[in-house]
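Following: one structure in structure tokens, then a few remarks.
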Amino acid sequence: VKRNDIIKIDSLSYPVYLGDELWDKIREYLQPFLLRGGIFFLTDENTDKFCFPALLKYLPELSTYRSFSIKPGESSKEPAVMESLWKWLTESGAVRDSLLVNLGGGVVSDLGGFLASTFKRGMPYINIPTSLVGQADAAVGGKTGINLSGNKNQAGAFYDPAAVFIIPGFLETLPEDHFRSGFAEIIKSAALAGNEPWKQLRRITIPEINNIRDLIYETVKIKCSIVSQDPFDRSVRKMLNFGHTTGHALESLHNQLGMRGMLHGEAVATGMVCESFLSSEITGLPVSESEEIISVIKRFFRLQPVKEEDFNELMRLMDHDKKRTAGSYNFSLLESIGKPRINCPVDLNNILRSFRFLNKMSQA
Ligand SMILES: NC(=O)c1ccc[n+]([C@@H]2O[C@H](COP(=O)([O-])OP(=O)(O)OC[C@H]3O[C@@H](n4cnc5c(N)ncnc54)[C@H](O)[C@@H]3O)[C@@H](O)[C@H]2O)c1
């Protein structure tokens with residue numbers, strides 16, 4: 001994928017564009033709304049500063065517009081923020097055929113997507129993701145939502161954007177730790193796909209911004225293809241949860257008061273270490289392949305151990321996870337690299353062993 005390419009992925013019911021020169025495409029989408037219900041921009045304080053001005057530079061006809069800017073980070077995915085967003089739209093005269101533009105990372109697209117799904121029972125929105133997590137993952141697939149009292153994604157909706165515009169150039173201002181965080185989903189989808197995507201990933205270290213375009217393209221293509229087969233997460237889409245059952249619990253744990261927060265990607269990467277272990281125990285992932293996955297993860301992430309005294313709290317947080325079914329915990333695991341298996345019941349004892357395995361790996 002070259003800087004000037006414009007790529008369109010068409011496997012979903014809405015177009016996903018990738019390229020650094022998407023301004024005319026975006027203009028086409030926005031034009032009708034200038035006359036219709038108007039356009040409303042949602043940003044966070046960072047994307048407002050670093051990304052919104054670029055958008056206005058290329059689309060000067062929008063320069064009379066202001067954005068609503070939330071505080072950056074996971075703490076904005078909460079009901080109180082949602083309430084202020086509903087009020088903002090109402091007070092600014094938004095109507096059902098206004099357009100919401102989410103310009104930001106996964107927090108902005110999760111929150112903004114849910115806002116769009118509920119405002120006047122549903123208004124159209126587009127995503128212009130600006131973080132690597134957003135571009136490689138969160139902006140496509142229509143999962144939107146907020147956290148409740150720190151528990152991840154407890155309220156939300158499946159609600160598709162009208163279009164997604166992925167502009168890798170925005171990543172230039174993304175802080176290094178957030179750039180790194182985006183690799184978790186890239187590693188995950190390559191492990192699910194196997195073959196070429198995995199071979200390609202095995203070779204790279206933190207790449208230059210130039211070949212990040214290829215990695216985003218591969219990752220989004222894989223996600224779109226899986227989501228198109230199961231938009232509502234009832235069957236095959238669940239394979240995208242590899243690393244997430246443990247990951248979401250870790251993310252919630254670390255975001256609690258008094259702890260250093262854990263970025264989404266860090267949590268998913270750590271979760272994949274635990275779930276590679278579970279895959280070897282339960283679905284027959286060869287130990288050599290588990291080691292391969294873990295060594296790729298360790299190239300991008302410094303693993304943090306979990307304290308024994310936090311094990312109970314982690315299990316409690318997993319109880320909140322939507323993937324739980326009665327009796328045991330429900331995971332998406334791997335039989336081998338390139339061969340995922342969904343709906344794998346795992347008992348408490350094995351989960352605790354996976355935490356201890358992580359602790360061993362984080363020292364190695
Ligand atoms: N809906 C989904 O399918 C899905 C998938 C994956 C993740 N998520 C969600 O996404 C969230 C994590 O997303 P994230 O990592 O993008 O977090 P984020 O939205 O908080 O963005 C990360 C940080 O980077 C900053 N930032 C973003 N773009 C920037 C840019 N171009 N320049 C400078 N700074 C920039 C943000 O202000 C923020 O501080 C989590 O809540 C996770 O649950 C959702």
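Order determines the names: the first chain of the structure tokens is A, the second B, and so forth; residues in each chain are numbered 1 upward, and ligands are numbered 1 upward as they are shown.
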
message = Show me which residues are within 6 Å of ligand 1 counting only C-alpha atoms and all ligand atoms, and format the list as a PyMOL selection string.
response = chain A and resi 44+46-47+50-51+72-74+104-108+110+130-131+133-134+137-138+141+143-144+170-171+173-174+178+264

request  = Would you list the contacts of stretch 100-103 of chain A as a list in words, taking every protein, DNA or RNA residue within 7 Å and counting only C-alpha atoms, but skipping same-chain residues closer than 5 positions in sequence?
outcome  = Ile39, Phe40, Phe41, Leu42, Thr43, Thr47, Val108, Ser109, Gly112, Ala116, Pro124, Tyr125, Ile126, Asn127, Ile128, Pro129 and Thr130 of chain A

task = Fewer than 6 positions away in the same chain doesn't count, so skip those; otherwise give me all residues within 10 Å of A:Leu22, counting only C-alpha atoms, as a PyMOL selection string.
result = chain A and resi 4-7+58+165-167

If you keep C-alpha atoms, can you produce a file of those selected residues as an mmCIF file, in the first residue's frame?
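Contents of part-v4.cif, as written:
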```cif
data_model
loop_
_atom_site.group_PDB
_atom_site.id
_atom_site.type_symbol
_atom_site.label_atom_id
_atom_site.label_comp_id
_atom_site.auth_asym_id
_atom_site.auth_seq_id
_atom_site.Cartn_x
_atom_site.Cartn_y
_atom_site.Cartn_z
ATOM 1 C CA ASN A 4 -1.004 7.847 -2.672
ATOM 2 C CA ASP A 5 -3.115 4.709 -3.031
ATOM 3 C CA ILE A 6 -6.807 4.821 -2.288
ATOM 4 C CA ILE A 7 -8.052 1.392 -1.335
ATOM 5 C CA TYR A 58 -8.155 19.944 3.421
ATOM 6 C CA PHE A 165 -11.968 6.582 6.329
ATOM 7 C CA ILE A 166 -8.591 5.297 7.490
ATOM 8 C CA ILE A 167 -5.835 7.879 6.997
#
```

inquiry  = Set the distance at 7 Å and use only C-alpha atoms: which residues neighbour stretch 284-287 of chain A once local chain neighbours fewer than 4 positions away are removed? I'd like the list as a ChimeraX atom specification.
reply    = /A:279-280,291,334-336

Just all heavy atoms for this one: save the residues we selected as a CSV table (one decimal), in the first residue's frame.
```
chain,number,residue,atom,x,y,z
A,279,SER,N,-4.8,-22.4,25.2
A,279,SER,CA,-5.0,-23.1,23.9
A,279,SER,C,-4.1,-24.3,23.9
A,279,SER,O,-4.6,-25.4,23.4
A,279,SER,CB,-4.5,-22.1,22.7
A,279,SER,OG,-5.4,-21.0,22.7
A,280,SER,N,-2.9,-24.3,24.4
A,280,SER,CA,-2.1,-25.5,24.4
A,280,SER,C,-2.7,-26.5,25.4
A,280,SER,O,-2.7,-27.7,25.1
A,280,SER,CB,-0.7,-25.2,24.9
A,280,SER,OG,0.0,-24.4,24.0
A,291,GLU,N,4.8,-20.7,21.8
A,291,GLU,CA,6.1,-19.9,22.1
A,291,GLU,C,6.3,-18.9,21.0
A,291,GLU,O,6.8,-17.8,21.3
A,291,GLU,CB,7.3,-20.9,22.2
A,291,GLU,CG,7.3,-21.7,23.4
A,291,GLU,CD,8.3,-22.8,23.4
A,291,GLU,OE1,9.0,-23.1,22.4
A,291,GLU,OE2,8.4,-23.5,24.5
A,334,LEU,N,-7.1,-21.1,20.2
A,334,LEU,CA,-6.5,-21.5,18.9
A,334,LEU,C,-6.2,-23.0,18.9
A,334,LEU,O,-5.7,-23.5,19.9
A,334,LEU,CB,-5.1,-20.8,18.7
A,334,LEU,CG,-5.2,-19.3,18.4
A,334,LEU,CD1,-3.7,-18.7,18.4
A,334,LEU,CD2,-5.9,-18.9,17.1
A,335,GLU,N,-6.5,-23.7,17.9
A,335,GLU,CA,-6.0,-25.1,17.7
A,335,GLU,C,-4.6,-25.1,17.2
A,335,GLU,O,-3.8,-26.0,17.4
A,335,GLU,CB,-7.0,-25.9,16.8
A,335,GLU,CG,-8.3,-26.1,17.4
A,335,GLU,CD,-9.3,-26.8,16.5
A,335,GLU,OE1,-8.9,-27.3,15.4
A,335,GLU,OE2,-10.5,-26.8,16.8
A,336,SER,N,-4.4,-24.1,16.3
A,336,SER,CA,-3.0,-23.9,15.8
A,336,SER,C,-3.1,-22.5,15.2
A,336,SER,O,-4.1,-21.8,15.2
A,336,SER,CB,-2.7,-24.9,14.7
A,336,SER,OG,-3.6,-24.7,13.6
```

Near A:Leu314, within 8 Å and counting only C-alpha atoms, which residues show up once chain neighbours fewer than 3 positions away are dropped, as an mmCIF file with all heavy atoms, in the first residue's frame?
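Produced file selection_8.cif, reproduced below:
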```cif
data_model
loop_
_atom_site.group_PDB
_atom_site.id
_atom_site.type_symbol
_atom_site.label_atom_id
_atom_site.label_comp_id
_atom_site.auth_asym_id
_atom_site.auth_seq_id
_atom_site.Cartn_x
_atom_site.Cartn_y
_atom_site.Cartn_z
ATOM 1 N N ALA A 249 -10.595 -8.221 31.369
ATOM 2 C CA ALA A 249 -10.555 -8.265 32.843
ATOM 3 C C ALA A 249 -9.298 -7.538 33.348
ATOM 4 O O ALA A 249 -9.352 -6.760 34.306
ATOM 5 C CB ALA A 249 -10.583 -9.709 33.321
ATOM 6 N N LEU A 250 -8.174 -7.766 32.669
ATOM 7 C CA LEU A 250 -6.928 -7.080 33.055
ATOM 8 C C LEU A 250 -7.052 -5.568 32.879
ATOM 9 O O LEU A 250 -6.615 -4.794 33.729
ATOM 10 C CB LEU A 250 -5.775 -7.572 32.175
ATOM 11 C CG LEU A 250 -5.174 -8.925 32.520
ATOM 12 C CD1 LEU A 250 -4.287 -9.408 31.382
ATOM 13 C CD2 LEU A 250 -4.363 -8.826 33.815
ATOM 14 N N LEU A 253 -9.191 -4.241 35.634
ATOM 15 C CA LEU A 253 -8.447 -4.289 36.899
ATOM 16 C C LEU A 253 -7.473 -3.109 37.000
ATOM 17 O O LEU A 253 -7.427 -2.391 37.994
ATOM 18 C CB LEU A 253 -7.666 -5.604 37.004
ATOM 19 C CG LEU A 253 -6.763 -5.742 38.228
ATOM 20 C CD1 LEU A 253 -7.606 -6.079 39.465
ATOM 21 C CD2 LEU A 253 -5.697 -6.816 38.036
ATOM 22 N N ASP A 310 -4.485 -10.323 43.399
ATOM 23 C CA ASP A 310 -5.473 -9.767 42.463
ATOM 24 C C ASP A 310 -6.223 -10.843 41.670
ATOM 25 O O ASP A 310 -7.128 -10.531 40.902
ATOM 26 C CB ASP A 310 -4.787 -8.813 41.459
ATOM 27 C CG ASP A 310 -4.342 -7.512 42.123
ATOM 28 O OD1 ASP A 310 -4.997 -7.096 43.096
ATOM 29 O OD2 ASP A 310 -3.341 -6.932 41.661
ATOM 30 N N PHE A 311 -5.836 -12.105 41.854
ATOM 31 C CA PHE A 311 -6.476 -13.188 41.080
ATOM 32 C C PHE A 311 -8.000 -13.199 41.264
ATOM 33 O O PHE A 311 -8.742 -13.330 40.302
ATOM 34 C CB PHE A 311 -5.908 -14.564 41.480
ATOM 35 C CG PHE A 311 -4.538 -14.874 40.911
ATOM 36 C CD1 PHE A 311 -3.766 -13.902 40.282
ATOM 37 C CD2 PHE A 311 -4.009 -16.158 41.017
ATOM 38 C CE1 PHE A 311 -2.494 -14.193 39.766
ATOM 39 C CE2 PHE A 311 -2.748 -16.464 40.503
ATOM 40 C CZ PHE A 311 -1.988 -15.483 39.889
ATOM 41 N N LEU A 317 -14.049 -9.902 37.673
ATOM 42 C CA LEU A 317 -14.215 -9.076 36.471
ATOM 43 C C LEU A 317 -14.559 -9.940 35.259
ATOM 44 O O LEU A 317 -15.314 -9.523 34.381
ATOM 45 C CB LEU A 317 -12.941 -8.264 36.209
ATOM 46 C CG LEU A 317 -12.716 -7.127 37.204
ATOM 47 C CD1 LEU A 317 -11.281 -6.633 37.147
ATOM 48 C CD2 LEU A 317 -13.681 -5.982 36.921
ATOM 49 N N MET A 318 -14.035 -11.148 35.216
ATOM 50 C CA MET A 318 -14.389 -12.045 34.108
ATOM 51 C C MET A 318 -15.861 -12.443 34.173
ATOM 52 O O MET A 318 -16.483 -12.705 33.150
ATOM 53 C CB MET A 318 -13.528 -13.297 34.141
ATOM 54 C CG MET A 318 -12.219 -13.098 33.419
ATOM 55 S SD MET A 318 -11.440 -14.689 33.143
ATOM 56 C CE MET A 318 -9.772 -14.153 32.906
#
```

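Residues within 12 Å of A:Gln363, counting only C-alpha atoms and excluding same-chain residues fewer than 6 positions away, are Lys298, Arg302, Leu303, Gln304, Pro305, Val306, Arg356 and Phe357 of chain A.
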
ask   = Leaving out A:Ile337 and any residue of its chain fewer than 6 positions from it, which residues lie within 9 Å of it when counting only C-alpha atoms, given as a list in words?
value =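 Non-adjacent residues within range: Ala190, Ala191, Leu192, Ala193, Gly194, Asn195, Trp198, Leu285, Glu289, Ser290 and Ile293 of chain A.
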
Residue list (helix (DSSP H, G or I), DSSP) for stretch 292-340 of chain A, as a PyMOL selection string = chain A and resi 292-300+308-320

Within stretch 298-358 of chain A, find each residue whose DSSP state, derived from the backbone, is strand (DSSP E or B), and express the selection as a PDB file with N, CA and C atoms, in the first residue's frame.
```pdb
ATOM      1  N   TYR A 329     -16.193 -20.709  31.995  1.00  0.00           N
ATOM      2  CA  TYR A 329     -15.896 -19.478  31.269  1.00  0.00           C
ATOM      3  C   TYR A 329     -15.671 -19.831  29.808  1.00  0.00           C
ATOM      4  N   ASN A 330     -16.176 -18.972  28.947  1.00  0.00           N
ATOM      5  CA  ASN A 330     -16.209 -19.278  27.532  1.00  0.00           C
ATOM      6  C   ASN A 330     -15.122 -18.483  26.796  1.00  0.00           C
ATOM      7  N   PHE A 331     -14.167 -19.189  26.197  1.00  0.00           N
ATOM      8  CA  PHE A 331     -13.046 -18.514  25.544  1.00  0.00           C
ATOM      9  C   PHE A 331     -13.020 -18.796  24.045  1.00  0.00           C
ATOM     10  N   SER A 332     -12.342 -17.911  23.336  1.00  0.00           N
ATOM     11  CA  SER A 332     -12.009 -18.171  21.935  1.00  0.00           C
ATOM     12  C   SER A 332     -10.524 -18.486  21.891  1.00  0.00           C
ATOM     13  N   LEU A 333     -10.184 -19.705  21.502  1.00  0.00           N
ATOM     14  CA  LEU A 333      -8.790 -20.155  21.572  1.00  0.00           C
ATOM     15  C   LEU A 333      -8.281 -20.560  20.187  1.00  0.00           C
ATOM     16  N   LEU A 334      -7.068 -21.075  20.163  1.00  0.00           N
ATOM     17  CA  LEU A 334      -6.472 -21.519  18.896  1.00  0.00           C
ATOM     18  C   LEU A 334      -6.179 -23.020  18.939  1.00  0.00           C
ATOM     19  N   GLU A 335      -6.492 -23.711  17.856  1.00  0.00           N
ATOM     20  CA  GLU A 335      -6.041 -25.107  17.722  1.00  0.00           C
ATOM     21  C   GLU A 335      -4.632 -25.107  17.154  1.00  0.00           C
ATOM     22  N   SER A 336      -4.390 -24.136  16.294  1.00  0.00           N
ATOM     23  CA  SER A 336      -3.038 -23.899  15.775  1.00  0.00           C
ATOM     24  C   SER A 336      -3.056 -22.476  15.240  1.00  0.00           C
ATOM     25  N   LYS A 339      -5.886 -21.434  12.914  1.00  0.00           N
ATOM     26  CA  LYS A 339      -7.068 -22.281  13.125  1.00  0.00           C
ATOM     27  C   LYS A 339      -7.698 -21.996  14.498  1.00  0.00           C
ATOM     28  N   PRO A 340      -8.533 -20.963  14.546  1.00  0.00           N
ATOM     29  CA  PRO A 340      -9.175 -20.624  15.809  1.00  0.00           C
ATOM     30  C   PRO A 340     -10.346 -21.550  16.129  1.00  0.00           C
ATOM     31  N   ARG A 341     -10.687 -21.649  17.400  1.00  0.00           N
ATOM     32  CA  ARG A 341     -11.910 -22.361  17.784  1.00  0.00           C
ATOM     33  C   ARG A 341     -12.693 -21.515  18.792  1.00  0.00           C
ATOM     34  N   ILE A 342     -13.989 -21.341  18.541  1.00  0.00           N
ATOM     35  CA  ILE A 342     -14.804 -20.516  19.435  1.00  0.00           C
ATOM     36  C   ILE A 342     -15.527 -21.405  20.441  1.00  0.00           C
ATOM     37  N   ASN A 343     -16.138 -20.764  21.452  1.00  0.00           N
ATOM     38  CA  ASN A 343     -16.947 -21.464  22.460  1.00  0.00           C
ATOM     39  C   ASN A 343     -16.192 -22.582  23.167  1.00  0.00           C
ATOM     40  N   CYS A 344     -15.014 -22.276  23.683  1.00  0.00           N
ATOM     41  CA  CYS A 344     -14.262 -23.285  24.422  1.00  0.00           C
ATOM     42  C   CYS A 344     -14.488 -23.073  25.913  1.00  0.00           C
ATOM     43  N   PRO A 345     -15.126 -24.027  26.584  1.00  0.00           N
ATOM     44  CA  PRO A 345     -15.319 -23.868  28.027  1.00  0.00           C
ATOM     45  C   PRO A 345     -13.991 -24.075  28.759  1.00  0.00           C
ATOM     46  N   VAL A 346     -13.709 -23.206  29.715  1.00  0.00           N
ATOM     47  CA  VAL A 346     -12.473 -23.307  30.491  1.00  0.00           C
ATOM     48  C   VAL A 346     -12.836 -23.213  31.964  1.00  0.00           C
TER      49      VAL A 346
END
```

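Counting only C-alpha atoms and comparing A:Gly156, A:Gly150, A:Gly261, A:Gly142, the residue that lies closest to A:Phe232 is A:Gly142.
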
key: Atom-to-atom span, atom CA of A:Glu28 and atom CA of A:Leu89, Å   =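 That distance, rounded to one decimal, is 23.1 Å.
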
message = I'd like the interatomic distance between atom CA of A:Ser228 and atom CA of A:Leu12, to a tenth of an Å.
response =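 We find that atom CA of A:Ser228 and atom CA of A:Leu12 lie 5.5 Å from each other.
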
inquiry  = Just checking: using only C-alpha atoms, which residue out of A:Ser252, A:Gly265, A:Asn241, A:Glu292 ends up closest to A:Met315?
reply    = A:Ser252

query = Which of these, A:Arg121, A:Val296, A:Val268, A:His320, has the shortest distance to A:Ser149 once you count only C-alpha atoms?
reply =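 Using only C-alpha atoms, A:Ser149 sits closest to A:His320.
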